[in-house]
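Before any comments, here is the structure.
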Amino acid sequence: MADLNINFAGIKSPNPFWLASAPPTNMGSMIERAFDAGWGGAVWKTLGEPITNVSSRLAAIDHGAMRMIGLNNIELITDRPLEVNLKEIAACKKKYPKNAVIVSLMVESKREAWHEIVKRSQDTGCDGFELNFGCPHGMSERGMGAAMGQVPEYTCMVTEWVKEVSEIPVIVKLTPNVTNILPPGKAAQNGGADAVSLINTINSVIGVDVDTMIPYPNVNGKAAHGGYCGPAVKPIALNMVAELARDADFNIPISGIGGVSNWRDAVEFMLLGAGSVQVCTAVMHYGYRIVEDMIDGLNNYLDEKGIASVNDIVGRSVERVTDWGNLDLNYDVKAHVHEEHCIRCNLCYVACEDGAHQSFEFVESNGHRYPRVIEKECVGCNLCYLVCPSPGAITMERRDDGSNPQTWKERISVSPK
């Protein structure tokens, strides 16, 4: 069986699966149950100045029978007393010395405030800090959270303050509510961060009740924008993780967050550069025990690939992520319909005719009418393959021989001016 132990920026953990700072890490008894279930680490729900949360905090998007593919929340940081949290953190770490206990922090932008909470928190014996520079709602309106993370200079400054007194690793949690993740990521690195984690939640209004005309979640007739997470945000998170991982000047570890629901999601994050993964929405949906399948699935995957340690997959796919101008313009694939698997629903025809390149016609075969690809019209966009409900009915097949690859950059360099 493969070795799942990790050492993330100096923080040891029996596996790469951590609970993200959120409702599932709100108190010690919860995290202890999570560790008993198999989670390798947990990031405590963010500590800071006392706050009051609202009632009615969550809203979600469903898709067909799939519940909660996207979750919106307007919950703030912990509303429990700091002294109570610190006592529970110390007790939890003492009881579970081999699990990673990371404390998330957020206070006002004053050096003395950050110094005080860092000193008090590290006295618990916790393994590391995560600086919450990502929360997009409520706290950002008070000059904290994403209001810090969206300004690289602030990110660097506060990280430096924390590093002045921290005796344990410091992770900076980045906001996705920026046009380019590189400046805040590099700012965290320049400030001395030992690692970064991303993404935090995305600014969102989840929807509106068309009968009452009140947006969700309804707080006495009004609503506020919140943070969006869950399976629907995974592509955004993967892109931002990869952008940092493939940048030559960025060289600190990354903890991947955003839509991780199973072991495959975790592997994708790790292949794109994440040394650990954090999970929130899936646990809120299905409970702590999902980690059992995640551990089994990751073990089986590594064994099947003949990989001895989970650390050996970190970053393996990074070199395959590139700029559009480096893609091969001569790579040519065409769709092909396999009649033996086709159920003649004609979704491929409709999708291509109205949404792509009009590359289908109908033919009579064995007494039935089947869609067939007009290869000279097909551009290999994949749409028909993506909408097809019958496995194996449509495949994308390569037509070029690979002998003459050419990128856009290469093409324009030889084009006559």
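Quick note on naming: the chains in the structure tokens go A, B, ... in the order shown, residues restart at 1 in each chain, and ligands are numbered from 1 in order of appearance.
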
**Message:** Set the distance at 12 Å and use only C-alpha atoms: which residues neighbour A:His368 once local chain neighbours fewer than 5 positions away are removed? I'd like the list as an NGL selection string.
**Reply:** :A and (339-340 or 342-344 or 362-363)

**Asked** What's the 10 Å shell around stretch 118-120 of chain A, counting only C-alpha atoms, without same-chain residues fewer than 3 positions away, as a list in words?
**Response** Leu82, Glu83, Leu86, Val103, Leu105, Glu112, Ala113, Trp114, His115, Asp123, Thr124, Phe129, Trp161, Val162, Lys163, Glu164, Val165, Ser166, Glu167 and Ile168 of chain A

Name all residues at most 8 Å from A:His225 (count only C-alpha atoms; drop same-chain ones fewer than 6 positions away) and give them as a PDB file with C-alpha atoms, in the first residue's frame.
ATOM      1  CA  ILE A  74     -23.051  34.472   4.295  1.00  0.00           C
ATOM      2  CA  HIS A 137     -18.463  38.832   2.537  1.00  0.00           C
ATOM      3  CA  ASN A 203     -18.428  36.422  -4.621  1.00  0.00           C
ATOM      4  CA  SER A 204     -21.968  35.436  -5.565  1.00  0.00           C
ATOM      5  CA  VAL A 205     -25.692  35.946  -5.354  1.00  0.00           C
TER       6      VAL A 205
END

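Comparing the minimum interatomic distances between A:Gly226 and each of A:His357, A:Lys94, A:Arg57, A:His341, counting only C-alpha atoms, we find that A:Arg57 sits nearest.
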
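Minimum atom-to-atom distance to A:Arg316, evaluated using only C-alpha atoms, belongs to A:Phe269 out of A:Phe360, A:Tyr154, A:Tyr370, A:Phe269.
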
Determine, for each residue of stretch 116-193 of chain A having at least one atom at most 9 Å from an atom of stretch 229-252 of chain A, the closest pair of atoms and their separation in Å to one decimal, counting only C-alpha atoms; order by chain and ascending number, as a Markdown table.
| residue | atom | partner | partner_atom | distance |
| --- | --- | --- | --- | --- |
| A:Pro176 | CA | A:Met240 | CA | 7.8 |
| A:Asn180 | CA | A:Met240 | CA | 8.5 |
| A:Ile181 | CA | A:Met240 | CA | 6.3 |
| A:Leu182 | CA | A:Leu244 | CA | 6.2 |
| A:Gly185 | CA | A:Leu244 | CA | 7.2 |
| A:Lys186 | CA | A:Phe250 | CA | 6.5 |
| A:Gln189 | CA | A:Ile252 | CA | 7.0 |
| A:Ala193 | CA | A:Ile252 | CA | 8.0 |

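Look at A:Phe8: the protein and nucleic acid residues within 8 Å of it, using only C-alpha atoms and passing over chain neighbours fewer than 5 places away, are Ser13, Pro253, Gly275 and Ser276 of chain A.
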
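Shortest atom-to-atom contact with A:Ala266 among A:Met148, A:Leu298, A:Val196, A:Ala9: A:Leu298, counting only C-alpha atoms.
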
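Considering only C-alpha atoms, the residue among A:Asn99, A:Asn53, A:Asn299, A:Ser104 positioned nearest to A:Arg80 is A:Asn53.
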
**Message:** Show me, as a list in words, the residues that have an atom within 10 Å of A:Gly125 when counting only C-alpha atoms, minus same-chain residues fewer than 3 positions from it.
**Reply:** Leu86, Ile89, Ala90, Ala91, Cys92, Lys93, Lys94, Pro97, Val101, Ile102, Ser121, Gln122, Gly128 and Ile168 of chain A

**Asked** DSSP says alpha helix (DSSP H) for which residues of stretch 213-397 of chain A? Put them as an NGL selection string?
**Response** :A and (234-245 or 263-271 or 281-286 or 290-305 or 347-355 or 383-387)

How would the residues just picked look written out with C-alpha atoms as a compact mmCIF listing (two decimals), in the first residue's frame?
# COMPACT_ATOMS: atom_id res chain seq x y z
CA LYS A 234 -13.55 23.15 -8.96
CA PRO A 235 -12.49 24.24 -12.48
CA ILE A 236 -11.81 27.77 -11.25
CA ALA A 237 -9.81 26.45 -8.32
CA LEU A 238 -7.79 24.04 -10.49
CA ASN A 239 -6.88 26.86 -12.85
CA MET A 240 -5.66 29.14 -10.06
CA VAL A 241 -3.65 26.36 -8.43
CA ALA A 242 -2.05 25.55 -11.78
CA GLU A 243 -1.29 29.22 -12.51
CA LEU A 244 0.75 29.46 -9.34
CA ALA A 245 2.36 26.04 -9.71
CA TRP A 263 -10.33 11.01 -4.33
CA ARG A 264 -10.29 11.82 -8.05
CA ASP A 265 -10.80 15.51 -7.32
CA ALA A 266 -7.95 15.35 -4.82
CA VAL A 267 -5.64 13.68 -7.32
CA GLU A 268 -6.42 16.36 -9.91
CA PHE A 269 -5.43 19.10 -7.47
CA MET A 270 -2.24 17.28 -6.54
CA LEU A 271 -1.28 16.61 -10.15
CA THR A 281 -18.85 21.49 1.08
CA ALA A 282 -18.71 17.72 0.54
CA VAL A 283 -18.46 17.19 4.29
CA MET A 284 -21.37 19.58 4.90
CA HIS A 285 -23.33 17.50 2.39
CA TYR A 286 -22.34 13.93 3.26
CA ILE A 290 -16.46 10.42 3.05
CA VAL A 291 -12.76 10.47 3.89
CA GLU A 292 -12.80 6.67 4.12
CA ASP A 293 -13.56 6.36 0.40
CA MET A 294 -11.10 9.15 -0.36
CA ILE A 295 -8.28 7.31 1.42
CA ASP A 296 -9.17 3.95 -0.17
CA GLY A 297 -9.50 5.49 -3.62
CA LEU A 298 -6.18 7.32 -3.38
CA ASN A 299 -4.42 4.18 -2.13
CA ASN A 300 -5.82 2.09 -4.98
CA TYR A 301 -4.93 4.73 -7.55
CA LEU A 302 -1.33 4.95 -6.38
CA ASP A 303 -1.00 1.17 -6.23
CA GLU A 304 -2.38 0.76 -9.74
CA LYS A 305 0.07 3.36 -11.03
CA LEU A 347 -28.88 15.06 -29.33
CA CYS A 348 -25.56 15.13 -31.18
CA TYR A 349 -27.29 16.39 -34.32
CA VAL A 350 -29.30 19.07 -32.52
CA ALA A 351 -26.32 20.30 -30.49
CA CYS A 352 -24.04 20.47 -33.52
CA GLU A 353 -26.66 21.99 -35.82
CA ASP A 354 -27.71 24.76 -33.43
CA GLY A 355 -24.64 25.17 -31.23
CA LEU A 383 -19.65 19.07 -28.18
CA CYS A 384 -21.41 15.98 -29.59
CA TYR A 385 -19.27 13.73 -27.39
CA LEU A 386 -20.11 15.82 -24.34
CA VAL A 387 -23.89 15.79 -24.84

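Atom CA of A:Leu272 is positioned 12.0 Å from atom CA of A:Thr322.
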
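Nearest to A:Arg372 of all the residues A:Met396, A:Val337, A:Asn85, A:Asn15 is A:Val337, based on only C-alpha atoms.
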
**Message:** Just want the 6 Å neighbourhood of stretch 23-29 of chain A, counted on only C-alpha atoms, with same-chain residues fewer than 4 positions away dropped. Output as a list in words.
**Reply:** Trp44, Lys45 and Glu88 of chain A

Restrict the selected residues to N, CA and C atoms and save them as a compact mmCIF listing (two decimals), in the first residue's frame.
# COMPACT_ATOMS: atom_id res chain seq x y z
N TRP A 44 -8.87 25.01 11.70
CA TRP A 44 -9.91 25.46 12.63
C TRP A 44 -10.69 26.63 12.04
N LYS A 45 -11.98 26.68 12.30
CA LYS A 45 -12.79 27.80 11.83
C LYS A 45 -12.18 29.10 12.34
N GLU A 88 -9.89 24.44 23.40
CA GLU A 88 -10.24 23.24 22.64
C GLU A 88 -9.14 22.87 21.66

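The residue set within 7 Å of A:Trp408, counting only C-alpha atoms and dropping same-chain residues fewer than 2 places from it, reads Gly325, Asn326, Leu329, Gln406, Glu410, Arg411 and Ile412 of chain A.
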
**Request:** Give the strand (DSSP E or B) residues of stretch 140-233 of chain A, as DSSP finds them on the backbone, and put them as number ranges by chain.
**Result:** A: 170-173, 195-198, 202-204, 208-209, 214-215, 219, 222, 226-229

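Nearest residue to A:Ile202 among A:Gly392, A:Gly380, A:Gly10, A:Gly70 is A:Gly70, counting only C-alpha atoms.
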
**Request:** Work out how far apart atom CA of A:Ser309 and atom CA of A:Ala2 are and give it in Å to one decimal.
**Result:** 5.4 Å
